[in-house]
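This is model.csv (CSV, C-alpha atoms and all ligand atoms).
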```csv
chain,number,residue,atom,x,y,z
A,644,MET,CA,0.0,0.0,0.0
A,645,SER,CA,3.1,2.1,0.3
A,646,GLY,CA,2.1,4.8,2.9
A,647,ARG,CA,-1.2,5.8,1.5
A,648,GLU,CA,-4.4,6.1,3.6
A,649,PRO,CA,-6.2,2.8,4.0
A,650,LEU,CA,-9.2,2.2,1.7
A,651,ILE,CA,-12.3,1.9,3.9
A,652,LEU,CA,-14.7,-0.6,2.4
A,653,ILE,CA,-18.2,-0.8,3.9
A,654,VAL,CA,-20.2,-3.9,3.2
A,655,SER,CA,-23.8,-3.6,4.3
A,656,GLY,CA,-27.3,-4.8,3.5
A,657,PRO,CA,-30.4,-6.3,5.0
A,658,SER,CA,-29.9,-9.0,7.5
A,659,GLY,CA,-29.9,-12.3,5.7
A,660,SER,CA,-28.6,-10.9,2.4
A,661,GLY,CA,-25.5,-13.0,2.7
A,662,LYS,CA,-23.0,-10.2,3.3
A,663,SER,CA,-20.8,-12.2,5.6
A,664,THR,CA,-19.9,-14.7,2.9
A,665,LEU,CA,-19.0,-11.9,0.5
A,666,VAL,CA,-16.8,-10.2,3.2
A,667,GLU,CA,-15.0,-13.5,3.5
A,668,ARG,CA,-14.2,-13.4,-0.2
A,669,ILE,CA,-12.8,-9.9,0.1
A,670,LEU,CA,-10.6,-11.0,3.0
A,671,GLU,CA,-9.1,-13.7,0.8
A,672,LEU,CA,-7.5,-10.9,-1.2
A,673,PRO,CA,-4.1,-9.8,0.0
A,674,GLY,CA,-3.9,-6.5,1.9
A,675,PHE,CA,-7.5,-6.4,3.3
A,676,MET,CA,-8.2,-6.8,7.0
A,677,PRO,CA,-11.5,-6.9,8.9
A,678,SER,CA,-12.6,-4.4,11.4
A,679,VAL,CA,-13.5,-6.1,14.7
A,680,SER,CA,-16.7,-4.6,16.0
A,681,CYS,CA,-17.7,-4.2,19.6
A,682,THR,CA,-21.1,-5.6,20.6
A,683,THR,CA,-23.2,-6.1,23.7
A,684,ARG,CA,-24.6,-9.3,22.1
A,685,PRO,CA,-23.4,-12.5,23.9
A,686,PRO,CA,-21.1,-14.7,21.9
A,687,ARG,CA,-22.5,-17.7,20.0
A,688,LYS,CA,-20.9,-21.1,20.6
A,689,THR,CA,-18.8,-20.9,17.5
A,690,GLU,CA,-17.4,-17.4,18.2
A,691,ALA,CA,-14.1,-16.6,19.9
A,692,ALA,CA,-13.6,-13.2,21.4
A,693,GLY,CA,-11.5,-10.8,19.4
A,694,LYS,CA,-11.9,-12.6,16.1
A,695,TRP,CA,-15.3,-11.6,15.0
A,696,TYR,CA,-16.3,-9.3,17.8
A,697,ASN,CA,-15.1,-7.8,21.0
A,698,PHE,CA,-17.9,-8.8,23.4
A,699,VAL,CA,-18.4,-6.0,25.9
A,700,THR,CA,-21.0,-5.1,28.6
A,701,GLN,CA,-23.6,-2.5,28.1
A,702,ALA,CA,-21.7,-0.2,30.6
A,703,GLU,CA,-18.5,-0.6,28.7
A,704,PHE,CA,-20.2,0.1,25.4
A,705,GLN,CA,-21.8,3.3,26.8
A,706,ARG,CA,-18.5,4.4,28.1
A,707,MET,CA,-17.0,4.0,24.6
A,708,VAL,CA,-19.9,6.0,23.1
A,709,ALA,CA,-19.4,8.8,25.7
A,710,GLN,CA,-15.7,9.0,25.0
A,711,GLY,CA,-16.3,9.2,21.3
A,712,GLU,CA,-14.4,5.9,20.6
A,713,PHE,CA,-16.7,4.8,17.7
A,714,LEU,CA,-16.7,5.7,14.1
A,715,GLU,CA,-20.4,4.5,14.0
A,716,TYR,CA,-22.6,2.6,16.3
A,717,ALA,CA,-26.2,1.3,16.2
A,718,GLN,CA,-28.7,-0.7,18.0
A,719,VAL,CA,-29.6,-3.6,15.7
A,720,PHE,CA,-33.2,-5.0,15.8
A,721,GLU,CA,-33.9,-2.9,18.9
A,722,LYS,CA,-31.8,-5.3,20.8
A,723,ASN,CA,-28.1,-5.4,20.9
A,724,TRP,CA,-25.6,-2.6,20.3
A,725,TYR,CA,-22.8,-2.8,17.7
A,726,GLY,CA,-20.1,-0.3,16.9
A,727,THR,CA,-16.9,0.1,14.8
A,728,PRO,CA,-14.1,1.4,17.0
A,729,LEU,CA,-12.0,4.2,15.6
A,730,LYS,CA,-9.1,2.1,16.7
A,731,SER,CA,-9.8,-0.2,13.7
A,732,LEU,CA,-8.8,2.7,11.4
A,733,GLU,CA,-5.6,3.3,13.3
A,734,LEU,CA,-4.8,-0.4,13.2
A,735,ALA,CA,-5.3,-0.5,9.4
A,736,ARG,CA,-3.1,2.6,9.0
A,737,ALA,CA,-0.3,1.0,11.2
A,738,ARG,CA,-0.5,-2.3,9.3
A,739,GLU,CA,-0.8,-0.5,5.9
A,740,GLN,CA,-3.8,-2.6,5.1
A,741,ASP,CA,-7.2,-1.8,3.7
A,742,LEU,CA,-10.1,-2.1,6.1
A,743,VAL,CA,-13.4,-4.0,5.6
A,744,LEU,CA,-16.4,-3.1,7.7
A,745,GLU,CA,-19.4,-5.4,7.8
A,746,ILE,CA,-22.1,-3.4,9.4
A,747,ASP,CA,-25.8,-2.8,9.3
A,748,VAL,CA,-27.5,-0.1,7.2
A,749,GLN,CA,-27.8,2.5,10.0
A,750,GLY,CA,-24.1,2.2,10.6
A,751,ALA,CA,-23.3,2.4,6.9
A,752,LEU,CA,-25.2,5.7,6.7
A,753,GLN,CA,-23.2,7.1,9.7
A,754,ALA,CA,-19.8,5.9,8.4
A,755,LYS,CA,-20.4,7.3,4.9
A,756,LYS,CA,-21.3,10.7,6.4
A,757,LYS,CA,-18.1,10.8,8.5
A,758,LEU,CA,-15.8,9.3,5.8
A,759,PRO,CA,-17.2,10.4,2.4
A,760,HIS,CA,-14.2,8.7,0.7
A,761,ALA,CA,-15.2,5.3,2.1
A,762,VAL,CA,-16.6,2.9,-0.5
A,763,ALA,CA,-20.0,1.5,0.4
A,764,VAL,CA,-21.3,-1.7,-1.1
A,765,PHE,CA,-24.9,-2.7,-0.8
A,766,VAL,CA,-25.6,-6.4,-0.8
A,767,LEU,CA,-29.2,-7.2,-1.8
A,768,PRO,CA,-31.2,-10.4,-2.1
A,769,PRO,CA,-32.9,-10.6,-5.5
A,770,SER,CA,-36.4,-10.4,-4.0
A,771,ARG,CA,-38.4,-10.4,-0.9
A,772,GLN,CA,-39.3,-14.0,-1.4
A,773,ASP,CA,-35.7,-15.0,-1.6
A,774,LEU,CA,-34.8,-13.1,1.6
A,775,GLU,CA,-37.8,-14.7,3.4
A,776,ARG,CA,-36.6,-18.1,2.3
A,777,ARG,CA,-33.0,-17.4,3.6
A,778,ILE,CA,-34.3,-16.1,6.9
A,779,ARG,CA,-36.5,-19.1,7.4
A,780,GLU,CA,-33.7,-21.5,6.5
A,781,ARG,CA,-31.6,-20.0,9.2
A,782,GLY,CA,-34.3,-21.0,11.6
A,783,GLN,CA,-33.4,-18.5,14.3
A,784,ASP,CA,-36.5,-16.3,14.3
A,785,SER,CA,-40.1,-16.4,15.3
A,786,GLU,CA,-42.8,-15.6,12.8
A,787,ASP,CA,-43.2,-12.1,14.2
A,788,GLU,CA,-39.5,-11.5,13.9
A,789,ILE,CA,-39.4,-12.7,10.3
A,790,GLN,CA,-42.1,-10.2,9.4
A,791,ARG,CA,-40.3,-7.4,11.2
A,792,ARG,CA,-37.0,-8.3,9.4
A,793,LEU,CA,-38.7,-8.2,6.0
A,794,GLU,CA,-40.3,-4.8,6.7
A,795,ARG,CA,-37.0,-3.5,7.9
A,796,ALA,CA,-35.3,-4.8,4.8
A,797,ARG,CA,-37.7,-2.8,2.7
A,798,GLN,CA,-37.0,0.4,4.7
A,799,GLU,CA,-33.3,-0.3,4.3
A,800,ILE,CA,-33.4,-0.7,0.6
A,801,LEU,CA,-35.0,2.7,0.3
A,802,ASN,CA,-31.6,4.1,1.4
A,803,TYR,CA,-29.8,2.7,-1.7
A,804,ARG,CA,-28.6,6.1,-2.9
A,805,VAL,CA,-26.0,6.4,-0.1
A,806,TYR,CA,-24.1,3.4,-1.6
A,807,ASP,CA,-21.5,3.4,-4.3
A,808,PHE,CA,-22.1,-0.1,-5.5
A,809,VAL,CA,-24.7,-2.8,-5.3
A,810,VAL,CA,-24.2,-6.6,-5.5
A,811,ILE,CA,-27.3,-8.7,-6.0
A,812,ASN,CA,-26.7,-11.9,-4.3
A,813,ASP,CA,-28.7,-14.4,-6.4
A,814,ASP,CA,-25.7,-16.4,-7.6
A,815,LEU,CA,-22.9,-16.7,-5.0
A,816,GLU,CA,-20.1,-17.2,-7.5
A,817,ARG,CA,-21.0,-14.2,-9.6
A,818,ALA,CA,-21.7,-12.0,-6.5
A,819,SER,CA,-18.3,-13.0,-5.1
A,820,ARG,CA,-16.5,-12.1,-8.2
A,821,GLU,CA,-18.3,-8.7,-8.3
A,822,THR,CA,-17.5,-8.0,-4.7
A,823,GLN,CA,-13.8,-8.8,-5.2
A,824,ALA,CA,-13.7,-6.7,-8.3
A,825,ILE,CA,-15.3,-3.7,-6.4
A,826,ALA,CA,-12.7,-4.2,-3.6
A,827,LEU,CA,-9.8,-4.2,-6.0
A,828,GLY,CA,-11.1,-1.5,-8.3
A,829,SER,CA,-11.8,0.8,-5.4
A,830,ARG,CA,-8.1,0.7,-4.6
A,831,CYS,CA,-7.3,2.2,-8.0
A,832,ARG,CA,-9.6,5.3,-7.6
A,833,VAL,CA,-7.7,8.5,-8.2
A,834,GLU,CA,-8.5,9.9,-4.8
A,835,GLN,CA,-7.2,6.8,-3.2
A,836,GLU,CA,-3.9,7.0,-5.0
A,837,GLU,CA,-3.3,10.7,-5.1
A,838,ARG,CA,-0.1,10.5,-3.0
A,839,ARG,CA,1.4,8.0,-5.4
A,840,ILE,CA,0.4,10.0,-8.4
A,841,HIS,CA,2.3,12.9,-6.9
A,842,GLU,CA,5.3,10.7,-6.2
A,843,ILE,CA,5.3,9.7,-9.9
A,844,LEU,CA,5.0,13.3,-10.9
A,845,GLU,CA,8.0,14.1,-8.7
A,846,THR,CA,10.1,11.7,-10.7
A,847,PHE,CA,9.2,13.9,-13.7
A,848,GLY,CA,10.5,16.9,-11.8
A,849,GLY,CA,7.1,17.8,-10.4
B,1,LIG,P1,-24.8,-10.6,14.2
B,1,LIG,O1,-25.3,-10.4,15.6
B,1,LIG,O2,-25.7,-11.6,13.5
B,1,LIG,O3,-23.4,-11.0,14.2
B,1,LIG,O4,-25.0,-9.2,13.5
B,1,LIG,C1,-26.2,-8.6,13.4
B,1,LIG,C2,-26.1,-7.3,12.5
B,1,LIG,O5,-25.2,-6.4,13.1
B,1,LIG,C3,-25.5,-7.7,11.1
B,1,LIG,O6,-26.3,-7.0,10.2
B,1,LIG,C4,-24.1,-7.1,11.2
B,1,LIG,O7,-23.7,-6.7,9.9
B,1,LIG,C5,-24.3,-5.9,12.1
B,1,LIG,N1,-23.1,-5.4,12.7
B,1,LIG,C6,-22.0,-6.1,13.0
B,1,LIG,N2,-21.0,-5.3,13.5
B,1,LIG,C7,-21.5,-4.0,13.4
B,1,LIG,C8,-21.0,-2.7,13.7
B,1,LIG,O8,-19.9,-2.5,14.2
B,1,LIG,N3,-21.8,-1.6,13.5
B,1,LIG,C9,-23.1,-1.8,13.0
B,1,LIG,N4,-23.8,-0.7,12.8
B,1,LIG,N5,-23.6,-3.0,12.7
B,1,LIG,C10,-22.8,-4.1,12.9
```
Can I see the file as structure tokens?
Ligand code: 5GP
Amino acid sequence: MSGREPLILIVSGPSGSGKSTLVERILELPGFMPSVSCTTRPPRKTEAAGKWYNFVTQAEFQRMVAQGEFLEYAQVFEKNWYGTPLKSLELARAREQDLVLEIDVQGALQAKKKLPHAVAVFVLPPSRQDLERRIRERGQDSEDEIQRRLERARQEILNYRVYDFVVINDDLERASRETQAIALGSRCRVEQEERRIHEILETFGG
């Protein structure tokens, strides 16, 4: 990355759209690292602390909010709190890596406002029916919750204009290729590479 500012790649979309799998595909590319979020949600059996999340108490989360330690934070499904620590950005800068944020739509709106240069990718299911099938297959939610998730997805999709790219997740292979292409292509944006362009210009005598 040679001393340039890290690219901040936000991957977001309705719950159940399959964004986690697409984020994994980005992280297969060299030079990308995930942002580890803080959450008040208790860990699932398969989750080790510090890998996917830092699991914190409500009090600790509130302390971090009060001290301005988050780039963005949100309460997801009126339940648990999630936030991206500003420390993630420092870490990416120190490691000279690009940073991938997998966050909900409320968080993506906040992050884009604070970091207009960040690239935001919207992951969408091809239809409501498809999203409903995925949520049901996961088998985690009551009927009430499924209906609420679907209505929320509709509201979230209405925010599409904030995003720079959309990936429609109807075919995982194609969607993965598109996501990787967006990640790699975003690195080549002029505003991302301005410093290097000037370095090249210097070799021409400025
Ligand atoms: P889960 O509890 O299933 O891991 O995540 C629930 C939702 O929270 C997902 O949509 C996930 O993308 C979102 N999420 C995870 N980390 C963050 C974060 O740091 N900020 C925000 N706003 N949402 C997050």
Of the candidates A:Glu836, A:Asp747, A:Glu794, A:Glu671, which one gets nearest to ligand LIG 1 (chain B) if we count all atoms listed in the file?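 Ranking A:Glu836, A:Asp747, A:Glu794, A:Glu671 by distance to ligand LIG 1 (chain B), first place goes to A:Asp747.
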request  = With only C-alpha atoms and all ligand atoms counted, collect every polymer residue having an atom within 10 Å of ligand LIG 1 (chain B); state the result as a PyMOL selection string.
outcome  = chain A and resi 654-663+678-687+690+695-697+713-720+722-728+744-754
Counting all atoms listed in the file, which residues have an atom no more than 12 Å from (-4.6, -10.6, 1.4) in the file's coordinates? Please list them as a count of residues only. 20
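Here the question is which of A:Leu801, A:Ile651, A:Ala709, A:Val766 gets nearest to Leu732 in chain A using all atoms listed in the file, and that residue is A:Ile651.
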With distances taken over all atoms listed in the file, which residue among A:Phe704, A:Phe698, A:Phe765, A:Phe847 lies nearest Val666 in chain A?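 Looking only at the distances to Val666 in chain A, the closest residue turns out to be A:Phe765.
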| task | Take CA of Leu734 in chain A and CA of Met707 in chain A and report the distance between them in Å, one decimal. | result |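 About the pair CA of Leu734 in chain A and CA of Met707 in chain A: they are 17.3 Å apart.
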When distances are computed from all atoms listed in the file, which of A:Ile778, A:Tyr803, A:Gly646, A:Ala763 shows the smallest separation from Arg791 in chain A?
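So, comparing all the options, the nearest one is A:Ile778.
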